[in-house]
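Student: I am sharing model29.txt, which consists of compact mmCIF, C-alpha atoms:
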# COMPACT_ATOMS: atom_id res chain seq x y z
CA MET A 1 -37.83 -228.49 255.00
CA TYR A 2 -35.68 -231.14 253.34
CA GLN A 3 -32.36 -231.74 255.09
CA VAL A 4 -29.35 -233.58 253.68
CA GLU A 5 -28.22 -235.81 256.54
CA SER A 6 -25.98 -238.47 254.99
CA LYS A 7 -22.53 -238.23 253.44
CA GLY A 8 -23.94 -239.98 250.36
CA GLY A 9 -26.61 -237.33 249.92
CA ALA A 10 -23.95 -234.63 250.37
CA LEU A 11 -21.83 -236.28 247.68
CA VAL A 12 -24.74 -236.28 245.22
CA CYS A 13 -25.31 -232.57 245.88
CA MET A 14 -21.60 -231.88 245.34
CA LEU A 15 -21.50 -233.78 242.06
CA LEU A 16 -24.49 -231.88 240.68
CA SER A 17 -23.03 -228.63 241.94
CA LEU A 18 -19.71 -229.38 240.24
CA PHE A 19 -21.35 -229.43 236.83
CA PHE A 20 -23.27 -226.20 237.39
CA LEU A 21 -20.41 -224.22 238.94
CA GLY A 22 -17.94 -225.45 236.36
CA THR A 23 -20.12 -224.37 233.42
CA TRP A 24 -21.44 -220.87 234.08
CA PRO A 25 -18.04 -219.03 234.01
CA ALA A 26 -17.31 -220.42 230.54
CA ILE A 27 -20.68 -219.13 229.31
CA MET A 28 -20.07 -215.64 230.71
CA ASN A 29 -16.56 -215.57 229.26
CA LEU A 30 -17.87 -216.65 225.85
CA LEU A 31 -20.35 -213.77 225.77
CA GLU A 32 -17.63 -211.23 226.61
CA ARG A 33 -15.38 -212.66 223.88
CA ARG A 34 -18.26 -212.24 221.42
CA GLY A 35 -18.52 -208.55 222.27
CA ARG A 36 -21.45 -208.36 224.69
CA LEU A 37 -20.96 -205.74 227.38
CA PRO A 38 -20.34 -207.36 230.79
CA GLN A 39 -22.86 -204.97 232.40
CA HIS A 40 -25.63 -206.35 230.16
CA THR A 41 -24.57 -209.95 230.77
CA TYR A 42 -24.34 -209.54 234.53
CA LEU A 43 -27.74 -207.86 234.81
CA ASP A 44 -29.34 -210.85 233.06
CA TYR A 45 -27.32 -213.30 235.14
CA THR A 46 -28.32 -211.59 238.40
CA ILE A 47 -32.05 -212.00 237.70
CA THR A 48 -31.98 -215.76 237.17
CA ASN A 49 -29.43 -216.27 239.94
CA LEU A 50 -32.04 -214.92 242.38
CA LEU A 51 -34.77 -216.96 240.67
CA ALA A 52 -32.81 -220.15 241.38
CA ALA A 53 -32.65 -219.28 245.09
CA VAL A 54 -36.41 -218.62 245.18
CA ILE A 55 -37.14 -221.97 243.49
CA ILE A 56 -34.90 -223.83 245.95
CA ALA A 57 -36.44 -222.04 248.95
CA PHE A 58 -40.05 -222.75 247.94
CA THR A 59 -39.35 -226.41 247.12
CA PHE A 60 -36.64 -227.92 249.33
CA GLY A 61 -37.27 -225.29 251.99
CA GLN A 62 -40.93 -226.27 252.33
CA ILE A 63 -40.98 -230.06 251.91
CA GLY A 64 -40.03 -232.64 254.51
CA THR A 65 -40.65 -232.99 258.22
CA HIS A 66 -37.78 -230.93 259.61
CA ASP A 67 -38.56 -227.56 261.17
CA PRO A 68 -38.41 -224.66 260.73
CA ASN A 69 -39.45 -224.32 257.13
CA PHE A 70 -38.63 -221.41 254.85
CA LEU A 71 -41.83 -219.38 255.11
CA SER A 72 -42.05 -219.59 258.89
CA GLN A 73 -38.51 -218.26 259.24
CA LEU A 74 -39.18 -215.35 256.89
CA SER A 75 -41.66 -214.01 259.45
CA GLN A 76 -39.06 -214.27 262.24
CA ILE A 77 -36.47 -211.93 260.79
CA HIS A 78 -36.40 -209.81 263.97
CA ASP A 79 -35.30 -212.88 265.96
CA ASN A 80 -32.75 -214.03 263.37
CA LEU A 81 -31.39 -210.61 262.40
CA PRO A 82 -27.69 -211.31 263.24
CA SER A 83 -27.71 -214.46 261.11
CA VAL A 84 -29.59 -212.64 258.33
CA LEU A 85 -26.87 -209.98 258.30
CA PHE A 86 -24.13 -212.64 258.03
CA ALA A 87 -26.01 -214.20 255.11
CA MET A 88 -26.44 -210.88 253.35
CA ALA A 89 -22.77 -210.01 253.90
CA GLY A 90 -21.91 -213.29 252.17
CA GLY A 91 -24.09 -212.30 249.23
CA VAL A 92 -22.37 -208.93 248.99
CA VAL A 93 -18.85 -210.39 248.76
CA LEU A 94 -20.01 -213.05 246.28
CA SER A 95 -21.59 -210.39 244.05
CA ILE A 96 -18.42 -208.30 244.14
CA GLY A 97 -16.31 -211.37 243.38
CA ASN A 98 -18.50 -212.40 240.44
CA LEU A 99 -18.47 -208.87 239.07
CA SER A 100 -14.67 -208.71 239.33
CA SER A 101 -14.34 -212.08 237.62
CA GLN A 102 -15.77 -210.79 234.35
CA TYR A 103 -12.88 -208.37 234.07
CA VAL A 104 -10.37 -210.93 235.37
CA TRP A 105 -11.23 -213.36 232.55
CA ALA A 106 -10.44 -210.69 229.94
CA PHE A 107 -7.13 -209.66 231.51
CA VAL A 108 -5.82 -213.00 232.72
CA GLY A 109 -7.81 -215.62 230.84
CA LEU A 110 -10.37 -218.06 232.22
CA SER A 111 -7.88 -220.88 232.80
CA VAL A 112 -5.35 -218.88 234.81
CA ALA A 113 -8.06 -216.88 236.61
CA GLY A 114 -9.82 -220.10 237.60
CA VAL A 115 -6.64 -221.57 239.02
CA ILE A 116 -5.73 -218.48 241.05
CA THR A 117 -9.18 -217.61 242.41
CA SER A 118 -10.07 -221.24 243.23
CA SER A 119 -6.76 -221.65 245.03
CA ILE A 120 -7.26 -218.49 247.07
CA ILE A 121 -10.75 -219.73 248.03
CA VAL A 122 -9.25 -222.96 249.32
CA VAL A 123 -6.32 -221.35 251.15
CA ILE A 124 -8.43 -218.74 252.96
CA GLY A 125 -12.01 -220.02 252.88
CA THR A 126 -11.25 -223.63 253.74
CA ILE A 127 -9.05 -222.70 256.70
CA LEU A 128 -11.77 -220.41 258.07
CA ASN A 129 -14.48 -223.04 257.55
CA TYR A 130 -12.33 -225.75 259.13
CA PHE A 131 -12.31 -223.91 262.43
CA LEU A 132 -15.93 -222.73 262.11
CA ASP A 133 -16.97 -226.36 261.52
CA ASP A 134 -15.32 -227.29 264.83
CA LYS A 135 -12.64 -229.32 262.99
CA ILE A 136 -15.01 -232.07 261.85
CA ASN A 137 -12.80 -232.77 258.80
CA LYS A 138 -9.47 -234.53 259.19
CA ALA A 139 -6.66 -231.97 259.17
CA LYS A 140 -4.04 -234.43 257.88
CA ILE A 141 -6.15 -234.94 254.76
CA LEU A 142 -7.50 -231.40 254.36
CA PHE A 143 -4.42 -229.26 254.84
CA PRO A 144 -1.99 -231.01 252.45
CA GLY A 145 -4.59 -230.19 249.79
CA VAL A 146 -4.69 -226.59 250.98
CA GLY A 147 -0.90 -226.47 250.68
CA CYS A 148 -1.09 -227.69 247.09
CA PHE A 149 -3.56 -224.93 246.26
CA PHE A 150 -1.23 -222.36 247.82
CA VAL A 151 1.49 -223.52 245.43
CA ALA A 152 -1.06 -223.23 242.60
CA VAL A 153 -1.64 -219.55 243.49
CA CYS A 154 2.08 -218.83 243.10
CA LEU A 155 2.33 -220.81 239.87
CA GLY A 156 -0.77 -219.06 238.50
CA PHE A 157 0.87 -215.66 238.87
CA ILE A 158 4.01 -216.95 237.14
CA VAL A 159 1.99 -218.46 234.27
CA HIS A 160 0.12 -215.19 233.74
CA SER A 161 3.38 -213.22 233.50
CA SER A 162 4.72 -215.82 231.08
CA ASN A 163 1.58 -215.63 228.91
CA ILE A 164 1.83 -211.85 228.71
CA ALA A 165 5.46 -212.02 227.61
CA ASP A 166 4.65 -214.71 225.04
CA ASN A 167 1.76 -212.73 223.53
CA GLN A 168 3.83 -209.57 223.34
CA ALA A 169 6.56 -211.47 221.50
CA LYS A 170 4.04 -212.81 218.97
CA LEU A 171 2.58 -209.37 218.30
CA LYS A 172 5.83 -207.42 218.22
CA ASP A 173 6.65 -207.84 214.55
CA PHE A 174 3.19 -208.67 213.27
CA ALA A 175 1.77 -206.57 210.45
CA SER A 176 -0.96 -204.09 211.43
CA GLU A 177 -3.30 -205.33 208.71
CA VAL A 178 -5.01 -208.56 209.79
CA SER A 179 -7.48 -210.98 208.33
CA SER A 180 -11.17 -210.30 208.81
CA LYS A 181 -11.97 -213.97 209.44
CA ASP A 182 -14.31 -214.93 212.24
CA VAL A 183 -12.35 -216.07 215.27
CA GLU A 184 -15.16 -218.08 216.82
CA ASN A 185 -16.94 -219.48 213.76
CA GLY A 186 -14.92 -219.35 210.59
CA SER A 187 -17.04 -219.97 207.52
CA ASP A 188 -14.38 -222.28 206.09
CA PRO A 189 -13.05 -224.72 208.71
CA SER A 190 -9.92 -225.35 206.65
CA ASN A 191 -9.04 -221.65 206.86
CA LYS A 192 -9.97 -221.17 210.49
CA ILE A 193 -7.46 -219.06 212.37
CA LYS A 194 -5.31 -221.13 214.67
CA ALA A 195 -5.81 -220.38 218.36
CA GLY A 196 -2.87 -218.71 220.06
CA THR A 197 -1.40 -217.14 216.95
CA ALA A 198 -0.82 -213.40 216.61
CA ILE A 199 -3.69 -212.98 214.14
CA PHE A 200 -5.99 -214.87 216.53
CA LEU A 201 -5.05 -212.55 219.39
CA LEU A 202 -5.60 -209.45 217.27
CA GLU A 203 -8.97 -210.60 215.93
CA LEU A 204 -10.12 -211.59 219.42
CA GLU A 205 -9.08 -208.22 220.83
CA LYS A 206 -11.05 -206.42 218.10
CA ARG A 207 -14.17 -208.42 218.81
CA ARG A 208 -14.30 -208.70 222.60
CA SER A 209 -15.97 -206.04 224.74
CA ILE A 210 -13.15 -205.57 227.27
CA LYS A 211 -9.97 -204.38 225.58
CA ALA A 212 -7.13 -205.83 227.66
CA SER A 213 -4.29 -205.52 225.17
CA GLY A 214 -1.54 -203.18 226.29
CA LYS A 215 -2.85 -202.95 229.84
CA SER A 216 -0.51 -203.41 232.78
CA THR A 217 0.06 -206.96 234.02
CA PHE A 218 -0.41 -205.63 237.54
CA ILE A 219 -4.02 -204.60 236.80
CA GLY A 220 -5.03 -208.13 235.84
CA LEU A 221 -3.27 -209.72 238.79
CA ALA A 222 -4.65 -207.16 241.25
CA ILE A 223 -8.25 -207.75 240.10
CA THR A 224 -7.66 -211.52 240.22
CA PHE A 225 -6.40 -211.37 243.80
CA PHE A 226 -9.29 -209.10 244.81
CA ALA A 227 -11.81 -211.51 243.27
CA GLY A 228 -10.20 -214.46 245.04
CA ILE A 229 -10.36 -212.71 248.42
CA SER A 230 -14.02 -211.86 247.86
CA PHE A 231 -14.90 -215.43 246.88
CA SER A 232 -13.02 -216.86 249.86
CA LEU A 233 -15.24 -215.02 252.37
CA PHE A 234 -18.76 -215.86 251.19
CA SER A 235 -18.77 -219.51 252.33
CA PRO A 236 -17.48 -218.77 255.89
CA LEU A 237 -20.10 -216.01 256.21
CA PHE A 238 -22.79 -218.46 255.06
CA ASN A 239 -21.44 -220.94 257.62
CA LEU A 240 -21.78 -218.33 260.38
CA ALA A 241 -25.33 -217.55 259.30
CA THR A 242 -26.51 -221.16 259.48
CA ASN A 243 -24.57 -222.39 262.51
CA ASP A 244 -24.26 -219.25 264.70
CA GLN A 245 -20.82 -220.12 266.07
CA TYR A 246 -20.60 -216.77 267.87
CA HIS A 247 -23.95 -217.34 269.66
CA THR A 248 -25.54 -214.13 268.47
CA LEU A 249 -29.05 -215.63 268.63
CA ARG A 250 -31.07 -216.19 271.76
CA THR A 251 -31.06 -219.78 273.03
CA GLU A 252 -34.69 -220.46 272.11
CA VAL A 253 -34.33 -219.11 268.55
CA PRO A 254 -33.63 -221.85 265.96
CA HIS A 255 -30.74 -221.35 263.56
CA LEU A 256 -31.50 -220.22 260.04
CA SER A 257 -32.02 -223.11 257.67
CA VAL A 258 -29.79 -223.47 254.63
CA TYR A 259 -32.70 -222.42 252.41
CA THR A 260 -33.62 -219.27 254.35
CA THR A 261 -29.94 -218.31 254.55
CA PHE A 262 -29.51 -218.90 250.83
CA PHE A 263 -32.54 -216.74 250.09
CA TYR A 264 -31.21 -213.74 252.07
CA PHE A 265 -27.75 -214.41 250.65
CA SER A 266 -29.10 -214.29 247.08
CA VAL A 267 -31.27 -211.23 247.69
CA SER A 268 -28.26 -209.17 248.80
CA CYS A 269 -26.23 -210.56 245.88
CA PHE A 270 -29.04 -209.47 243.54
CA VAL A 271 -29.35 -205.96 245.01
CA ILE A 272 -25.60 -205.27 244.89
CA GLY A 273 -25.31 -206.70 241.38
CA ILE A 274 -28.19 -204.57 240.05
CA ILE A 275 -26.98 -201.36 241.70
CA LEU A 276 -23.33 -201.69 240.62
CA ASN A 277 -24.10 -202.71 237.06
CA ILE A 278 -26.62 -199.92 236.52
CA ILE A 279 -23.91 -197.52 237.72
CA PHE A 280 -21.42 -199.17 235.35
CA LEU A 281 -23.84 -198.75 232.44
CA TYR A 282 -23.40 -194.97 232.67
CA HIS A 283 -19.94 -194.88 234.28
CA PRO A 284 -18.12 -197.95 232.91
CA MET A 285 -14.81 -199.27 234.16
CA LEU A 286 -11.60 -199.78 232.16
CA ASN A 287 -12.66 -197.59 229.22
CA LEU A 288 -15.63 -199.73 228.22
CA PRO A 289 -18.25 -197.96 226.08
CA LYS A 290 -21.13 -196.29 227.89
CA SER A 291 -24.54 -197.87 227.75
CA SER A 292 -28.01 -197.25 229.20
CA LEU A 293 -30.99 -199.10 230.57
CA LYS A 294 -32.72 -198.71 227.20
CA ALA A 295 -29.72 -200.21 225.39
CA TYR A 296 -29.62 -203.07 227.88
CA LEU A 297 -33.31 -203.87 227.46
CA GLU A 298 -32.91 -203.89 223.67
CA ASP A 299 -29.80 -206.10 223.74
CA TRP A 300 -31.06 -209.64 223.11
CA ASN A 301 -27.80 -210.89 221.64
CA GLY A 302 -26.69 -213.64 224.04
CA ARG A 303 -29.39 -212.94 226.62
CA GLY A 304 -30.51 -216.56 226.72
CA LEU A 305 -27.00 -217.74 227.56
CA ALA A 306 -26.62 -215.06 230.27
CA LEU A 307 -29.91 -216.11 231.86
CA LEU A 308 -28.79 -219.75 231.71
CA ALA A 309 -25.50 -218.85 233.44
CA GLY A 310 -27.41 -217.25 236.31
CA LEU A 311 -29.56 -220.35 236.80
CA LEU A 312 -26.52 -222.64 236.74
CA CYS A 313 -24.66 -220.53 239.29
CA GLY A 314 -27.70 -220.21 241.55
CA PHE A 315 -28.48 -223.93 241.60
CA GLY A 316 -24.78 -224.75 241.92
CA ASN A 317 -24.35 -222.54 244.97
CA GLY A 318 -27.55 -223.86 246.56
CA LEU A 319 -26.46 -227.48 246.16
CA GLN A 320 -23.00 -226.67 247.50
CA PHE A 321 -24.48 -225.15 250.65
CA MET A 322 -26.83 -228.13 251.10
CA ALA A 323 -23.82 -230.45 250.89
CA GLY A 324 -21.80 -228.25 253.25
CA GLN A 325 -24.42 -228.52 255.96
CA ALA A 326 -24.01 -232.32 255.98
CA ALA A 327 -20.32 -232.84 255.14
CA GLY A 328 -18.81 -229.61 256.45
CA TYR A 329 -18.25 -226.40 254.51
CA ALA A 330 -14.47 -226.84 254.49
CA ALA A 331 -14.70 -230.18 252.68
CA ALA A 332 -17.33 -228.81 250.29
CA ASP A 333 -15.04 -225.87 249.42
CA VAL A 334 -12.08 -228.12 248.59
CA VAL A 335 -14.10 -230.51 246.43
CA GLN A 336 -15.87 -227.72 244.54
CA CYS A 337 -12.67 -225.77 243.86
CA SER A 338 -10.76 -228.89 242.82
CA VAL A 339 -13.19 -229.67 240.02
CA SER A 340 -13.73 -226.02 239.10
CA TYR A 341 -9.94 -225.83 238.75
CA LYS A 342 -9.96 -228.79 236.34
CA ASN A 343 -12.95 -227.51 234.35
CA ASN A 344 -11.45 -224.02 233.94
CA CYS A 345 -8.13 -225.48 232.82
CA ARG A 346 -9.93 -227.09 229.89
CA CYS A 347 -11.52 -223.83 228.70
Could you render the structure as structure tokens?
Tutor:
Amino acid sequence: MYQVESKGGALVCMLLSLFFLGTWPAIMNLLERRGRLPQHTYLDYTITNLLAAVIIAFTFGQIGTHDPNFLSQLSQIHDNLPSVLFAMAGGVVLSIGNLSSQYVWAFVGLSVAGVITSSIIVVIGTILNYFLDDKINKAKILFPGVGCFFVAVCLGFIVHSSNIADNQAKLKDFASEVSSKDVENGSDPSNKIKAGTAIFLLELEKRRSIKASGKSTFIGLAITFFAGISFSLFSPLFNLATNDQYHTLRTEVPHLSVYTTFFYFSVSCFVIGIILNIIFLYHPMLNLPKSSLKAYLEDWNGRGLALLAGLLCGFGNGLQFMAGQAAGYAAADVVQCSVSYKNNCRC
């Protein structure tokens, strides 16, 4: 298998990962704003997310001189079972976090949701990884950054409450009859509806698949916090799977490689995502319209973008874990969330 051993190689992996992980949420959010059901989008995303893990495992996991390689470890699952279970638990919480995020973006907005969830990841996930990594990162550099992200969590909640109040004020006296112009792609650029205005908010609410208008502020914040907690746990669980800090494996059994761990991690993420979203097709959350497997298979509107989002997320996560093995998962978490924070604030 190929192993990232230098800090420079870890930095390259992080930089590539930053682009991928900063792009896929905007694509998913765009599809929801255009009216595609999140169940349909997430089912497409889940397929290519697993495909990315398979590609990484059969390439980076098989090349190079380091042992063990990916295929040899697949046949040793009975020896590595505790680590496999940690990896699969990480995939479960990531899948739940990603699923929650689709609803968070509708209720809170991508910018605010990105700030809050990324900050929770840093506050909880980075602290856990710092101790799991045996404190290889400098605390005096790491923890002031964690403190800043904690402040960002508090400010994010305040900003969301302020946005809700501002939108309600704009809509309070607005006439019920609105323009039928296209919010996303107005035919006449000079007449395009200005973002943030009352008519923009009304047109967007009519078009998007998740109707968040009039819903309680608490619902959006509760889902946001739940998503952040879920995201904060997947990296420490991955860390446990690859490094076996609790010594659950026998002495002669080699630790799971990053690629084998990522494969099991992605398989569990795929299974949970498929099961939950098929359930949500027939029993949707938050008053979304019901759908079916037939309707999903026939829905090609935006499918290409959803598949692209899955690939971007899969490759982004894989590169992040490769970097974490060399530079420490705590440092990788902080760097990834810092840039994801900036990217989301621009959306």
Student: Please list, as a ChimeraX atom specification, the residues that have an atom at most 12 Å away from (-4.9, -211.1, 243.1) in the coordinates of this file, counting all atoms listed in the file.
Tutor: /A:97,100-101,104,107-108,112-121,153-154,156-157,160,217-231
Student: Which residues of segment 23-131 of chain A sit at most 10 Å from segment 279-282 of chain A, using all atoms listed in the file? Give each one's shortest atom pair and distance in Å (one decimal place), in chain and ascending residue order, as a Markdown table.
Tutor:
| residue | atom | partner | partner_atom | distance |
| --- | --- | --- | --- | --- |
| A:Leu37 | CA | A:Leu281 | CA | 9.1 |
| A:Pro38 | CA | A:Phe280 | CA | 9.4 |
| A:Gln39 | CA | A:Leu281 | CA | 6.3 |
| A:His40 | CA | A:Leu281 | CA | 8.1 |
Student: Find the distance between atom CA of Leu110 of chain A and atom CA of Glu298 of chain A and write it in Å to one decimal.
Tutor: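 Atom-to-atom, atom CA of Leu110 of chain A to atom CA of Glu298 of chain A, that is 28.0 Å.
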Student: For each of A:Val12, A:Val271, A:Leu21, A:Leu31, take the minimum atom-to-atom distance to Ala306 of chain A, counting all atoms listed in the file, then give the residue where this is smallest.
Tutor: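 For Ala306 of chain A, the nearest of the candidates is A:Leu31.
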Student: For atom CA of Ser6 of chain A and atom CA of Leu311 of chain A, quote the distance in Å rounded to one decimal.
Tutor: 25.9 Å
Student: Here is a test: counting all atoms listed in the file, which residue of A:Gln245, A:Thr261, A:Ser232, A:Thr126 is nearest to Asn69 of chain A?
Tutor: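 Among the listed residues, the smallest separation from Asn69 of chain A belongs to A:Thr261.
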Student: Rounded to one decimal in Å, what is the spacing between atom CA of Met322 of chain A and atom CA of Val267 of chain A?
Tutor: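 Calculated distance between atom CA of Met322 of chain A and atom CA of Val267 of chain A is 17.8 Å.
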Student: Residues around (-27.9, -234.7, 251.0), cut-off 10 Å, counting all atoms listed in the file - what are they as a PyMOL selection string?
Tutor: chain A and resi 2-14+319+322-327
Student: My list of candidates is A:Thr59, A:Ser266, A:Ser291, A:Thr260. Which is closest to Gly314 of chain A when distances are computed with all atoms listed in the file?
Tutor: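 Once distances to Gly314 of chain A are computed over all atoms listed in the file, the minimum belongs to A:Ser266.
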Student: Return the single residue from A:Leu51, A:Ile56, A:Ala26, A:Leu43 that is closest to Gly318 of chain A, with distances computed using only C-alpha atoms.
Tutor: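 The closest residue to Gly318 of chain A is A:Ile56.
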Student: I'd like to know which of A:Tyr130, A:Phe238, A:Phe60, A:Phe19 is closest to Val93 of chain A, using all atoms listed in the file.
Tutor: A:Phe238
Student: Using only C-alpha atoms, can you tell me which of A:Gly310, A:Leu132, A:Gly125, A:Asp67 comes closest to Gly273 of chain A?
Tutor: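 Checking each of A:Gly310, A:Leu132, A:Gly125, A:Asp67 against Gly273 of chain A, counting only C-alpha atoms, the winner is A:Gly310.
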Student: Would you list the contacts of segment 254-258 of chain A as a ChimeraX atom specification, taking every protein, DNA or RNA residue within 10 Å and counting only C-alpha atoms, but skipping same-chain residues closer than 4 positions in sequence?
Tutor: /A:1-3,57,60-61,66-70,73-74,76-77,79-81,83-84,87,238-244,247,249-250,262-263,318-319,321-325
Student: Since the input is missing atoms for segment 61-69 of chain A, could you rebuild it with all heavy atoms and give the result as a short mmCIF file (atom, residue, chain, number, x, y, z; two decimals), in the coordinates of the input?
Tutor:
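Resulting contents of selection10.cif:
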data_model
loop_
_atom_site.label_atom_id
_atom_site.label_comp_id
_atom_site.auth_asym_id
_atom_site.auth_seq_id
_atom_site.Cartn_x
_atom_site.Cartn_y
_atom_site.Cartn_z
N GLY A 61 -37.07 -225.97 250.72
CA GLY A 61 -37.27 -225.29 251.99
C GLY A 61 -38.64 -225.51 252.61
O GLY A 61 -38.86 -225.18 253.78
N GLN A 62 -39.57 -226.07 251.84
CA GLN A 62 -40.93 -226.27 252.33
C GLN A 62 -41.33 -227.74 252.50
O GLN A 62 -42.26 -228.04 253.23
CB GLN A 62 -41.93 -225.60 251.38
CG GLN A 62 -41.93 -224.09 251.45
CD GLN A 62 -42.43 -223.56 252.79
OE1 GLN A 62 -41.65 -223.01 253.56
NE2 GLN A 62 -43.72 -223.75 253.08
N ILE A 63 -40.61 -228.64 251.82
CA ILE A 63 -40.98 -230.06 251.91
C ILE A 63 -40.27 -230.72 253.08
O ILE A 63 -39.33 -230.16 253.65
CB ILE A 63 -40.64 -230.81 250.60
CG1 ILE A 63 -39.12 -230.81 250.36
CG2 ILE A 63 -41.37 -230.20 249.42
CD1 ILE A 63 -38.69 -231.63 249.16
N GLY A 64 -40.69 -231.89 253.45
CA GLY A 64 -40.03 -232.64 254.51
C GLY A 64 -40.63 -232.35 255.87
O GLY A 64 -41.52 -231.52 256.05
N THR A 65 -40.10 -233.06 256.86
CA THR A 65 -40.65 -232.99 258.22
C THR A 65 -39.81 -232.15 259.18
O THR A 65 -40.22 -231.91 260.31
CB THR A 65 -40.77 -234.41 258.80
OG1 THR A 65 -39.48 -235.04 258.79
CG2 THR A 65 -41.75 -235.24 257.97
N HIS A 66 -38.65 -231.70 258.72
CA HIS A 66 -37.78 -230.93 259.61
C HIS A 66 -38.28 -229.50 259.73
O HIS A 66 -38.71 -228.88 258.75
CB HIS A 66 -36.34 -230.94 259.09
CG HIS A 66 -35.68 -232.28 259.16
ND1 HIS A 66 -35.11 -232.78 260.31
CD2 HIS A 66 -35.51 -233.24 258.21
CE1 HIS A 66 -34.61 -233.98 260.07
NE2 HIS A 66 -34.85 -234.29 258.80
N ASP A 67 -38.20 -228.96 260.92
CA ASP A 67 -38.56 -227.56 261.17
C ASP A 67 -37.29 -226.78 261.54
O ASP A 67 -36.32 -227.34 262.04
CB ASP A 67 -39.57 -227.47 262.32
CG ASP A 67 -40.93 -228.04 261.93
OD1 ASP A 67 -41.32 -227.83 260.76
OD2 ASP A 67 -41.57 -228.68 262.78
N PRO A 68 -37.31 -225.45 261.31
CA PRO A 68 -38.41 -224.66 260.73
C PRO A 68 -38.32 -224.64 259.22
O PRO A 68 -37.25 -224.80 258.65
CB PRO A 68 -38.14 -223.26 261.31
CG PRO A 68 -36.65 -223.22 261.46
CD PRO A 68 -36.20 -224.61 261.80
N ASN A 69 -39.46 -224.41 258.57
CA ASN A 69 -39.45 -224.32 257.13
C ASN A 69 -39.16 -222.88 256.69
O ASN A 69 -39.06 -221.97 257.51
CB ASN A 69 -40.75 -224.85 256.52
CG ASN A 69 -41.96 -224.06 256.96
OD1 ASN A 69 -41.90 -222.85 257.18
ND2 ASN A 69 -43.10 -224.74 257.08
#
